[in-house]
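Here is target28.cif, consisting of mmCIF, C-alpha atoms:
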data_final
#
loop_
_atom_site.label_atom_id
_atom_site.label_comp_id
_atom_site.auth_asym_id
_atom_site.auth_seq_id
_atom_site.Cartn_x
_atom_site.Cartn_y
_atom_site.Cartn_z
CA MET F 377 0.42 -26.13 -0.08
CA SER F 378 2.92 -27.59 -2.56
CA GLN F 379 6.59 -28.04 -1.71
CA LYS F 380 7.52 -25.50 -4.40
CA VAL F 381 5.43 -22.78 -2.75
CA GLN F 382 6.79 -23.62 0.70
CA SER F 383 10.35 -23.28 -0.58
CA PHE F 384 9.47 -19.97 -2.25
CA LEU F 385 7.94 -18.47 0.90
CA LEU F 386 10.84 -19.71 3.05
CA SER F 387 13.38 -18.05 0.75
CA ILE F 388 11.45 -14.78 0.97
CA LEU F 389 11.29 -14.88 4.77
CA LEU F 390 15.03 -15.51 4.97
CA SER F 391 15.81 -12.67 2.59
CA VAL F 392 13.59 -10.22 4.49
CA THR F 393 15.84 -10.60 7.52
CA LEU F 394 18.86 -9.45 5.53
CA SER F 395 18.12 -5.79 5.11
CA VAL F 396 15.05 -3.64 5.52
CA GLU F 397 15.28 0.03 4.64
CA ALA F 398 12.80 2.55 6.00
CA SER F 399 12.49 4.28 2.63
CA CYS F 400 11.78 0.99 0.82
CA SER F 401 8.30 -0.33 1.55
CA GLY F 402 6.34 -3.26 0.20
CA ARG F 403 4.83 -6.61 1.02
CA VAL F 404 5.47 -10.21 0.06
CA ILE F 405 3.20 -11.27 -2.81
CA ASN F 406 0.98 -14.24 -1.95
CA PRO F 407 0.42 -16.25 -5.15
CA VAL F 408 -2.75 -17.83 -3.77
CA THR F 409 -4.69 -14.77 -2.62
CA ASP F 410 -3.07 -11.92 -4.59
CA VAL F 411 -3.54 -13.33 -8.09
CA CYS F 412 -6.74 -12.55 -10.00
CA TRP F 413 -7.35 -16.03 -11.38
CA GLU F 414 -10.12 -14.80 -13.67
CA CYS F 415 -7.31 -13.44 -15.86
CA LEU F 416 -6.58 -17.06 -16.79
CA PHE F 417 -9.68 -17.06 -19.00
CA PRO F 418 -10.78 -17.48 -21.74
CA ILE F 419 -9.47 -21.05 -22.13
CA THR F 420 -9.93 -22.54 -25.59
CA ILE F 421 -9.60 -26.12 -26.79
CA GLY F 422 -9.26 -26.49 -30.53
CA ASN F 423 -11.20 -23.76 -32.30
CA ASN F 424 -14.73 -24.34 -31.05
CA LEU F 425 -14.69 -25.12 -27.30
CA SER F 426 -14.18 -22.05 -25.11
CA PHE F 427 -14.48 -21.42 -21.36
CA GLN F 428 -15.06 -17.82 -20.32
CA THR F 429 -15.72 -16.68 -16.76
CA GLY F 430 -14.59 -13.05 -16.80
CA PRO F 431 -14.99 -9.85 -18.82
CA PHE F 432 -11.56 -10.01 -20.43
CA PRO F 433 -11.29 -10.15 -24.24
CA ASP F 434 -9.40 -12.92 -25.96
CA VAL F 435 -7.04 -12.57 -28.91
CA GLU F 436 -7.65 -14.42 -32.16
CA THR F 437 -4.66 -16.51 -33.22
CA ASP F 438 -3.81 -18.61 -36.25
CA ALA F 439 -3.02 -21.71 -34.18
CA ASP F 440 -4.15 -24.98 -35.76
CA ALA F 441 -7.02 -26.72 -33.96
CA LEU F 442 -5.43 -30.12 -34.65
CA CYS F 443 -1.66 -30.04 -34.26
CA ALA F 444 1.45 -32.15 -34.52
CA CYS F 445 4.79 -31.19 -33.04
CA SER F 446 8.08 -33.06 -33.46
CA GLY F 447 10.85 -32.99 -30.90
CA GLU F 448 14.31 -34.49 -30.70
CA ALA F 449 12.98 -37.86 -29.61
CA ASP F 450 9.20 -37.75 -29.84
CA ILE F 451 6.16 -36.51 -31.71
CA THR F 452 3.11 -34.92 -30.05
CA LEU F 453 -0.31 -35.29 -31.67
CA GLY F 454 -3.28 -33.45 -30.20
CA MET F 455 -5.42 -30.33 -30.09
CA ASN F 456 -4.49 -26.74 -29.45
CA LEU F 457 -4.87 -25.52 -25.86
CA GLY F 458 -5.11 -21.75 -25.52
CA PHE F 459 -5.07 -19.89 -22.22
CA TRP F 460 -3.59 -16.87 -20.44
CA GLU F 461 -0.60 -17.71 -18.25
CA PRO F 462 0.95 -15.60 -15.46
CA ILE F 463 4.64 -15.64 -16.32
CA ARG F 464 6.44 -12.61 -14.89
CA THR F 465 6.23 -9.92 -12.23
CA VAL F 466 7.65 -6.49 -12.99
CA GLU F 467 8.58 -3.88 -10.37
CA ILE F 468 9.00 -0.17 -11.06
CA VAL F 469 10.95 1.47 -8.23
CA ARG F 470 12.45 4.84 -7.36
CA GLU F 471 15.37 3.59 -5.24
CA PRO F 472 17.98 1.22 -6.72
CA PHE F 473 17.90 -2.31 -5.26
CA CYS F 474 14.56 -1.75 -3.51
CA PHE F 475 12.27 -4.79 -3.82
CA PRO F 476 8.64 -4.08 -2.84
CA SER F 477 7.50 -7.59 -3.86
CA LEU F 478 9.89 -9.07 -1.30
CA GLY F 479 8.44 -7.12 1.59
CA GLY F 480 10.38 -3.90 1.01
CA ILE F 481 13.91 -5.21 1.43
CA SER F 482 16.87 -3.32 0.01
CA LEU F 483 19.90 -5.13 -1.34
CA GLY F 484 23.07 -3.57 -2.69
CA ASP F 485 24.65 -0.13 -2.62
CA ARG F 486 22.28 2.62 -3.75
CA THR F 487 25.15 4.76 -4.98
CA PHE F 488 26.04 2.06 -7.49
CA ALA F 489 23.11 2.87 -9.82
CA PRO F 490 21.03 5.95 -10.70
CA ALA F 491 18.13 6.66 -8.36
CA HIS F 492 14.71 8.07 -9.20
CA GLY F 493 14.67 11.56 -10.59
CA ARG F 494 11.77 13.81 -11.47
CA THR F 495 11.70 17.34 -12.77
CA PRO F 496 9.52 19.93 -11.05
CA ASN F 497 6.31 20.99 -12.70
CA PRO F 498 6.71 24.72 -13.33
CA LYS F 499 4.00 26.61 -15.15
CA GLU F 500 6.09 27.04 -18.27
CA ARG F 501 6.33 23.25 -18.79
CA SER F 502 3.42 21.08 -19.87
CA HIS F 503 4.87 17.86 -18.46
CA ARG F 504 7.53 16.39 -16.19
CA THR F 505 10.21 13.79 -16.83
CA SER F 506 11.11 10.96 -14.47
CA PHE F 507 13.39 7.94 -14.16
CA TYR F 508 12.77 4.53 -12.58
CA GLN F 509 14.60 1.25 -12.13
CA VAL F 510 12.84 -2.01 -13.08
CA HIS F 511 13.06 -5.55 -11.68
CA TRP F 512 11.88 -8.63 -13.56
CA TYR F 513 10.83 -11.82 -11.76
CA HIS F 514 10.11 -15.28 -13.11
CA THR F 515 6.73 -16.08 -11.52
CA PRO F 516 5.09 -19.01 -13.40
CA TRP F 517 2.42 -19.44 -10.75
CA LEU F 518 0.37 -22.04 -12.66
CA TYR F 519 3.34 -24.39 -12.68
CA LEU F 520 4.55 -23.61 -9.16
CA LEU F 521 1.11 -23.98 -7.57
CA GLU F 522 0.22 -27.04 -9.67
CA ILE F 523 -3.41 -25.91 -9.96
CA LEU F 524 -4.19 -26.25 -13.68
CA LEU F 525 -3.10 -29.71 -14.83
CA ASP F 526 0.00 -31.74 -15.37
CA THR F 527 0.97 -30.50 -18.81
CA ALA F 528 4.11 -29.57 -20.68
CA CYS F 529 2.25 -26.48 -21.90
CA LEU F 530 3.04 -24.58 -18.69
CA GLU F 531 6.28 -22.67 -18.38
CA GLN F 532 8.30 -24.93 -16.11
CA SER F 533 10.80 -22.64 -14.47
CA ALA F 534 11.67 -21.74 -10.90
CA TRP F 535 10.81 -18.50 -9.13
CA ASP F 536 13.72 -16.14 -9.68
CA VAL F 537 14.80 -12.52 -9.83
CA ALA F 538 15.85 -12.63 -13.45
CA TYR F 539 16.77 -9.04 -14.38
CA MET F 540 17.67 -5.82 -12.60
CA THR F 541 18.18 -2.63 -14.57
CA GLU F 542 20.63 -1.37 -11.95
CA LEU F 543 23.13 -3.70 -13.65
CA ASP F 544 22.17 -2.68 -17.20
CA PRO F 545 24.27 0.21 -18.61
CA LEU F 546 21.73 0.81 -21.41
CA TRP F 547 18.78 1.50 -19.10
CA ASP F 548 19.72 5.08 -18.21
CA ASP F 549 21.43 6.00 -21.48
CA SER F 550 19.17 6.92 -24.39
CA THR F 551 22.13 7.13 -26.77
CA SER F 552 23.44 3.63 -26.05
CA SER F 553 19.92 2.15 -26.11
CA PHE F 554 19.81 3.09 -29.80
CA LEU F 555 21.46 -0.29 -30.37
CA LEU F 556 18.17 -1.97 -29.39
CA ASN F 557 15.80 0.42 -31.13
CA PRO F 558 17.37 2.00 -34.23
CA ASP F 559 13.85 2.29 -35.66
CA VAL F 560 13.14 5.06 -33.15
CA THR F 561 14.19 7.53 -35.84
CA LEU F 562 11.17 6.53 -37.93
CA PHE F 563 8.66 7.52 -35.26
CA ALA F 564 10.13 10.72 -33.81
CA ASN F 565 7.56 12.88 -35.59
CA PRO F 566 4.12 14.33 -34.77
CA THR F 567 2.29 11.98 -37.17
CA ALA F 568 3.64 8.82 -35.56
CA ILE F 569 3.04 10.18 -32.07
CA GLY F 570 -0.51 11.23 -32.96
CA ALA F 571 -1.30 7.73 -34.21
CA CYS F 572 -0.85 6.46 -30.65
CA SER F 573 -4.24 7.97 -29.77
CA LEU F 574 -5.81 5.25 -31.93
CA ASP F 575 -3.88 2.62 -30.01
CA CYS F 576 -5.08 4.18 -26.75
CA VAL F 577 -8.74 3.85 -27.75
CA ALA F 578 -8.29 0.31 -29.07
CA ALA F 579 -6.42 -0.90 -25.97
CA THR F 580 -8.98 0.63 -23.60
CA THR F 581 -12.04 -0.73 -25.38
CA HIS F 582 -10.66 -4.09 -26.53
CA LEU F 583 -7.04 -4.87 -27.47
CA PRO F 584 -4.05 -2.78 -28.65
CA ILE F 585 -3.08 -2.48 -32.33
CA ASN F 586 0.04 -4.51 -33.11
CA ASP F 587 0.76 -2.56 -36.31
CA LEU F 588 1.34 0.55 -34.16
CA TYR F 589 4.17 -1.25 -32.41
CA TRP F 590 5.97 1.96 -31.38
CA CYS F 591 2.97 3.03 -29.27
CA ALA F 592 2.25 2.16 -25.65
CA GLY F 593 -1.42 3.05 -25.97
CA CYS F 594 -2.54 5.74 -23.53
CA ALA F 595 0.88 5.70 -21.82
CA GLY F 596 2.78 7.30 -24.70
CA SER F 597 5.64 6.09 -26.89
CA LEU F 598 7.51 2.84 -26.30
CA PHE F 599 10.79 4.38 -27.49
CA PRO F 600 13.48 4.87 -26.35
CA LEU F 601 13.96 1.63 -24.39
CA THR F 602 15.21 3.30 -21.21
CA GLY F 603 13.90 4.14 -17.74
CA TRP F 604 13.28 7.77 -18.67
CA VAL F 605 9.65 8.84 -18.91
CA ASN F 606 9.63 11.96 -21.07
CA ALA F 607 6.02 12.88 -20.25
CA HIS F 608 5.21 11.86 -16.67
CA ILE F 609 1.52 12.68 -16.30
CA THR F 610 0.53 10.32 -13.47
CA ASP F 611 2.39 7.58 -11.63
CA GLU F 612 0.01 4.97 -13.03
CA GLN F 613 0.67 6.14 -16.59
CA ALA F 614 4.44 5.96 -16.00
CA PHE F 615 4.14 2.45 -14.53
CA SER F 616 2.14 1.28 -17.55
CA LEU F 617 4.66 2.76 -19.97
CA LEU F 618 7.72 1.19 -18.31
CA THR F 619 6.02 -2.21 -18.00
CA GLN F 620 5.39 -2.27 -21.75
CA ARG F 621 8.76 -0.74 -22.59
CA PHE F 622 10.72 -3.26 -20.57
CA THR F 623 8.75 -6.17 -22.06
CA LEU F 624 9.66 -4.92 -25.54
CA LYS F 625 13.28 -4.49 -24.46
CA LEU F 626 13.48 -8.17 -23.50
CA HIS F 627 11.96 -9.14 -26.84
CA ARG F 628 14.66 -7.11 -28.61
CA GLU F 629 17.36 -8.76 -26.50
CA GLY F 630 16.05 -12.25 -27.29
CA LEU F 631 15.13 -12.94 -23.66
CA LEU F 632 11.35 -13.08 -24.17
CA TRP F 633 9.88 -15.19 -26.94
CA ARG F 634 6.67 -15.76 -28.85
CA GLN F 635 4.57 -18.64 -27.51
CA TRP F 636 1.26 -18.14 -29.24
CA GLY F 637 -0.25 -18.75 -32.66
CA LYS F 638 0.76 -21.37 -35.19
CA ASP F 639 4.44 -20.43 -34.89
CA GLY F 640 4.46 -20.76 -31.11
CA GLN F 641 2.21 -23.71 -30.34
CA CYS F 642 5.07 -26.22 -30.72
CA GLY F 643 7.66 -24.18 -28.85
CA PRO F 644 9.00 -20.65 -28.28
CA GLN F 645 10.02 -18.57 -31.28
CA PHE F 646 12.08 -15.39 -31.49
CA GLU F 647 9.94 -12.26 -31.88
CA MET F 648 11.77 -8.95 -32.18
CA VAL F 649 8.61 -6.87 -32.72
CA MET F 650 6.46 -7.55 -29.69
CA SER F 651 2.82 -8.56 -30.19
CA LYS F 652 1.16 -6.23 -27.68
CA ASN F 653 -2.29 -7.81 -27.78
CA VAL F 654 -1.14 -11.10 -26.21
CA TYR F 655 -0.21 -9.40 -22.93
CA ARG F 656 -2.31 -8.19 -20.00
CA THR F 657 -1.31 -6.88 -16.57
CA GLN F 658 -2.64 -7.03 -13.02
CA MET F 659 -1.62 -4.58 -10.30
CA LEU F 660 -0.09 -6.30 -7.25
CA TYR F 661 1.36 -3.34 -5.36
CA PRO F 662 0.67 -0.87 -3.82
CA THR F 663 -2.95 -2.01 -4.31
CA CYS F 664 -3.76 -5.61 -5.14
CA LYS F 665 -6.64 -5.92 -7.60
CA THR F 666 -8.23 -9.38 -7.59
CA GLN F 667 -11.85 -8.68 -8.55
CA GLY F 668 -13.77 -6.97 -11.33
CA GLN F 669 -11.57 -5.37 -13.99
CA CYS F 670 -8.43 -6.67 -12.34
CA CYS F 671 -6.59 -7.18 -15.66
CA ARG F 672 -6.05 -4.74 -18.46
CA ALA F 673 -4.48 -4.93 -21.89
CA PHE F 674 -1.15 -3.30 -22.65
CA GLY F 675 -1.75 0.40 -23.27
CA ALA F 676 -5.22 0.64 -21.74
CA SER F 677 -6.15 3.87 -19.96
CA THR F 678 -5.04 4.22 -16.33
CA ALA F 679 -7.29 7.22 -15.62
CA VAL F 680 -9.60 5.21 -13.35
CA ASP F 681 -6.65 4.11 -11.21
CA SER F 682 -5.40 7.68 -10.91
CA LEU F 683 -8.80 9.02 -9.85
CA GLY F 684 -9.72 6.04 -7.69
CA GLY F 685 -6.85 6.39 -5.25
CA LEU F 686 -5.38 2.97 -6.03
CA THR F 687 -1.85 4.28 -5.49
CA PRO F 688 -1.63 5.77 -1.98
CA ILE F 689 0.62 8.73 -1.30
CA ALA F 690 4.25 7.82 -0.48
CA LYS F 691 3.86 4.04 -0.77
CA GLY F 692 2.16 4.45 -4.14
CA GLU F 693 5.28 5.71 -5.90
CA ASP F 694 6.64 2.17 -6.37
CA ALA F 695 4.62 -0.52 -8.11
CA ALA F 696 4.51 -4.20 -9.01
CA TYR F 697 2.47 -5.80 -11.79
CA LEU F 698 1.83 -9.42 -12.70
CA ILE F 699 2.18 -10.01 -16.45
CA TRP F 700 -0.11 -12.50 -18.19
CA ARG F 701 0.65 -13.78 -21.69
CA ARG F 702 -1.60 -15.65 -24.14
CA ARG F 703 -0.33 -19.17 -24.73
CA ASP F 704 -1.11 -21.61 -27.54
CA CYS F 705 0.15 -25.15 -27.06
CA CYS F 706 -0.24 -28.53 -28.73
CA GLN F 707 -1.73 -30.65 -25.96
CA GLY F 708 -2.07 -34.37 -26.63
CA ALA F 709 -0.42 -37.77 -26.74
CA ARG F 710 3.33 -38.00 -27.00
CA LEU F 711 4.71 -40.75 -29.22
CA VAL F 712 8.28 -41.65 -28.32
CA ASP F 713 10.66 -42.85 -31.02
CA ALA F 714 12.98 -45.31 -29.31
CA ALA F 715 15.44 -45.08 -32.18
CA LYS F 716 16.22 -41.49 -31.37
CA PRO F 717 18.25 -40.34 -28.35
CA GLN F 718 16.11 -39.15 -25.45
CA SER F 719 16.17 -35.47 -24.50
CA GLY F 720 14.90 -33.64 -21.46
CA ARG F 721 13.82 -30.61 -23.47
CA GLU F 722 10.06 -30.21 -23.63
CA LEU F 723 8.13 -28.59 -26.42
#

Would you mind writing the file's structure down as structure tokens?
Amino acid sequence: MSQKVQSFLLSILLSVTLSVEASCSGRVINPVTDVCWECLFPITIGNNLSFQTGPFPDVETDADALCACSGEADITLGMNLGFWEPIRTVEIVREPFCFPSLGGISLGDRTFAPAHGRTPNPKERSHRTSFYQVHWYHTPWLYLLEILLDTACLEQSAWDVAYMTELDPLWDDSTSSFLLNPDVTLFANPTAIGACSLDCVAATTHLPINDLYWCAGCAGSLFPLTGWVNAHITDEQAFSLLTQRFTLKLHREGLLWRQWGKDGQCGPQFEMVMSKNVYRTQMLYPTCKTQGQCCRAFGASTAVDSLGGLTPIAKGEDAAYLIWRRRDCCQGARLVDAAKPQSGREL
């Protein structure tokens, strides 16, 4: 086990001793046994060589097979390396400051932020509304476990709790969140909402449709960018919606960048309109899926999960998902220009 993983597990064990609340349940995620490593594939080199070991579809990109990238002090010449990288873990929780991925610990004052709310389901209403908090972790497991290869193509960051919506005043306020999604006014009509059925079919059978960027596939509408689920049909559907919605929110805030295609193979680029088809998710909690169809595209149907009992009663009302993102990278020889000042920033 690498020193990075040992430090990560030690920090989790220390934090678990701080505070454990009876109403907050969970388990520590093991990056070795709880990750479905088949989601890493397909791996492509150039445009012709491809390695595929699972049933998961790949996305076609415009990345150049032969590439050249220039940095502050060097130039990289090589071939494009395309693969799916686990980058983040997202938690959807009912109670503020509850962390299922850390073993069910609870940190902070629950009265400080809004807790989960859900309307009853009377006969005169066709749906319920609900509200959840979201936590966002940096979990670049390929880099931390050092299991792929020594390459600058991997996201080289430390494990970290990077974002908590309990501290975000926009997350529970649909009016204020208009600052991030003013285009919501264009899609608040039956025609735009009905078009999401096409995205649902496409995401379930293959990959979501990027042109329908306001749709979350079978989960509903991506807007507004808040924790309110206007049509809570099943827990799994709500989890899928908030996972996609929060990913788009970070794109709009400039905190999540494009790292695929010709524009992204030399380094991250700002992308305000999220490309949905370069993301896939794997359930980590309350049920850990590591075999078979363990990964699904953004917006794919969650009906099988709802019927299959993958979210147990009580413990199944919080969830954690590992997010995989397609990566294109110029992998090759680095030529250093001694005349230029050296920089630690990698492409």

*All residues 8 Å or closer to Thr678 of chain F, only C-alpha atoms, same chain fewer than 5 positions away omitted, as a list in words*: Cys594, Glu612, Gln613 and Ser616 of chain F

_Residues near Gly593 of chain F, cut-off 7 Å, all atoms listed in the file, skip fewer than 4 positions along chain, as a PyMOL selection string_ = chain F and resi 572-573+575-576+579+584+675-676

_I'd like to see the residues matched by the PyMOL selection byres ((chain F and resi 604) around 8) on this file, and ideally I'd get them as an NGL selection string._
:F and (505-508 or 548 or 602-603 or 605-606)

Using only C-alpha atoms, which residues of segment 494-603 of chain F come within 10 Å of segment 617-623 of chain F, and what is the closest atom pair for each, with the distance in Å to one decimal? Give it as CSV, sorted by chain and residue number.
residue,atom,partner,partner_atom,distance
F:Phe507,CA,F:Leu618,CA,9.7
F:Tyr508,CA,F:Leu618,CA,8.3
F:Gln509,CA,F:Leu618,CA,9.2
F:Val510,CA,F:Phe622,CA,7.9
F:His511,CA,F:Phe622,CA,9.5
F:Trp512,CA,F:Phe622,CA,8.9
F:Thr541,CA,F:Phe622,CA,9.6
F:Trp547,CA,F:Phe622,CA,9.5
F:Trp590,CA,F:Arg621,CA,9.6
F:Cys591,CA,F:Leu617,CA,9.5
F:Ala592,CA,F:Leu617,CA,6.2
F:Gly593,CA,F:Leu617,CA,8.5
F:Cys594,CA,F:Leu617,CA,8.6
F:Ala595,CA,F:Leu617,CA,5.1
F:Gly596,CA,F:Leu617,CA,6.8
F:Ser597,CA,F:Leu617,CA,7.7
F:Leu598,CA,F:Arg621,CA,5.3
F:Phe599,CA,F:Arg621,CA,7.4
F:Pro600,CA,F:Arg621,CA,8.2
F:Leu601,CA,F:Arg621,CA,6.0
F:Thr602,CA,F:Arg621,CA,7.7
F:Gly603,CA,F:Leu618,CA,6.9

*Could you list as a ChimeraX atom specification every residue that has an atom within 12 Å of (-15.8, -0.5, -25.9), using the file's coordinates and counting all atoms listed in the file?*
/F:431-433,576-583,676

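The two atoms in question, atom CA of Val649 of chain F and atom CA of Lys665 of chain F, are spaced 29.4 Å apart.
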
Just say which residues the PyMOL selection byres ((chain F and resi 475) around 12) picks in this file, as a PDB file with C-alpha atoms, in the frame of the given file.
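Resulting contents of out_24.pdb:
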ATOM      1  CA  ILE F 388      11.450 -14.780   0.970  1.00  0.00           C
ATOM      2  CA  SER F 391      15.810 -12.670   2.590  1.00  0.00           C
ATOM      3  CA  VAL F 392      13.590 -10.220   4.490  1.00  0.00           C
ATOM      4  CA  SER F 395      18.120  -5.790   5.110  1.00  0.00           C
ATOM      5  CA  VAL F 396      15.050  -3.640   5.520  1.00  0.00           C
ATOM      6  CA  GLU F 397      15.280   0.030   4.640  1.00  0.00           C
ATOM      7  CA  SER F 399      12.490   4.280   2.630  1.00  0.00           C
ATOM      8  CA  CYS F 400      11.780   0.990   0.820  1.00  0.00           C
ATOM      9  CA  SER F 401       8.300  -0.330   1.550  1.00  0.00           C
ATOM     10  CA  GLY F 402       6.340  -3.260   0.200  1.00  0.00           C
ATOM     11  CA  ARG F 403       4.830  -6.610   1.020  1.00  0.00           C
ATOM     12  CA  VAL F 404       5.470 -10.210   0.060  1.00  0.00           C
ATOM     13  CA  ILE F 405       3.200 -11.270  -2.810  1.00  0.00           C
ATOM     14  CA  THR F 465       6.230  -9.920 -12.230  1.00  0.00           C
ATOM     15  CA  VAL F 466       7.650  -6.490 -12.990  1.00  0.00           C
ATOM     16  CA  GLU F 467       8.580  -3.880 -10.370  1.00  0.00           C
ATOM     17  CA  ILE F 468       9.000  -0.170 -11.060  1.00  0.00           C
ATOM     18  CA  VAL F 469      10.950   1.470  -8.230  1.00  0.00           C
ATOM     19  CA  ARG F 470      12.450   4.840  -7.360  1.00  0.00           C
ATOM     20  CA  GLU F 471      15.370   3.590  -5.240  1.00  0.00           C
ATOM     21  CA  PRO F 472      17.980   1.220  -6.720  1.00  0.00           C
ATOM     22  CA  PHE F 473      17.900  -2.310  -5.260  1.00  0.00           C
ATOM     23  CA  CYS F 474      14.560  -1.750  -3.510  1.00  0.00           C
ATOM     24  CA  PRO F 476       8.640  -4.080  -2.840  1.00  0.00           C
ATOM     25  CA  SER F 477       7.500  -7.590  -3.860  1.00  0.00           C
ATOM     26  CA  LEU F 478       9.890  -9.070  -1.300  1.00  0.00           C
ATOM     27  CA  GLY F 479       8.440  -7.120   1.590  1.00  0.00           C
ATOM     28  CA  GLY F 480      10.380  -3.900   1.010  1.00  0.00           C
ATOM     29  CA  ILE F 481      13.910  -5.210   1.430  1.00  0.00           C
ATOM     30  CA  SER F 482      16.870  -3.320   0.010  1.00  0.00           C
ATOM     31  CA  LEU F 483      19.900  -5.130  -1.340  1.00  0.00           C
ATOM     32  CA  GLY F 484      23.070  -3.570  -2.690  1.00  0.00           C
ATOM     33  CA  GLN F 509      14.600   1.250 -12.130  1.00  0.00           C
ATOM     34  CA  VAL F 510      12.840  -2.010 -13.080  1.00  0.00           C
ATOM     35  CA  HIS F 511      13.060  -5.550 -11.680  1.00  0.00           C
ATOM     36  CA  TRP F 512      11.880  -8.630 -13.560  1.00  0.00           C
ATOM     37  CA  TYR F 513      10.830 -11.820 -11.760  1.00  0.00           C
ATOM     38  CA  VAL F 537      14.800 -12.520  -9.830  1.00  0.00           C
ATOM     39  CA  MET F 540      17.670  -5.820 -12.600  1.00  0.00           C
ATOM     40  CA  TYR F 661       1.360  -3.340  -5.360  1.00  0.00           C
ATOM     41  CA  ASP F 694       6.640   2.170  -6.370  1.00  0.00           C
ATOM     42  CA  ALA F 695       4.620  -0.520  -8.110  1.00  0.00           C
ATOM     43  CA  ALA F 696       4.510  -4.200  -9.010  1.00  0.00           C
TER      44      ALA F 696
END

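As for atom CA of Ser651 of chain F and atom CA of Gln635 of chain F, they are spaced 10.6 Å apart.
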
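We find atom CA of Met650 of chain F and atom CA of Tyr589 of chain F to be spaced 7.2 Å apart.
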
*Find, counting all atoms listed in the file, the residue in F:Thr420, F:Leu543, F:Asp559, F:Glu414 that gets nearest to Glu436 of chain F.*
F:Thr420

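Residues having any atom no farther than 9 Å from (-9.3, -27.2, -28.0) (counting all atoms listed in the file) are F:Ile419, F:Thr420, F:Ile421, F:Gly422, F:Asn423, F:Asn424, F:Leu425, F:Ser426, F:Ala441, F:Leu442, F:Gly454, F:Met455, F:Asn456, F:Leu457, F:Gly458, F:Gln707.
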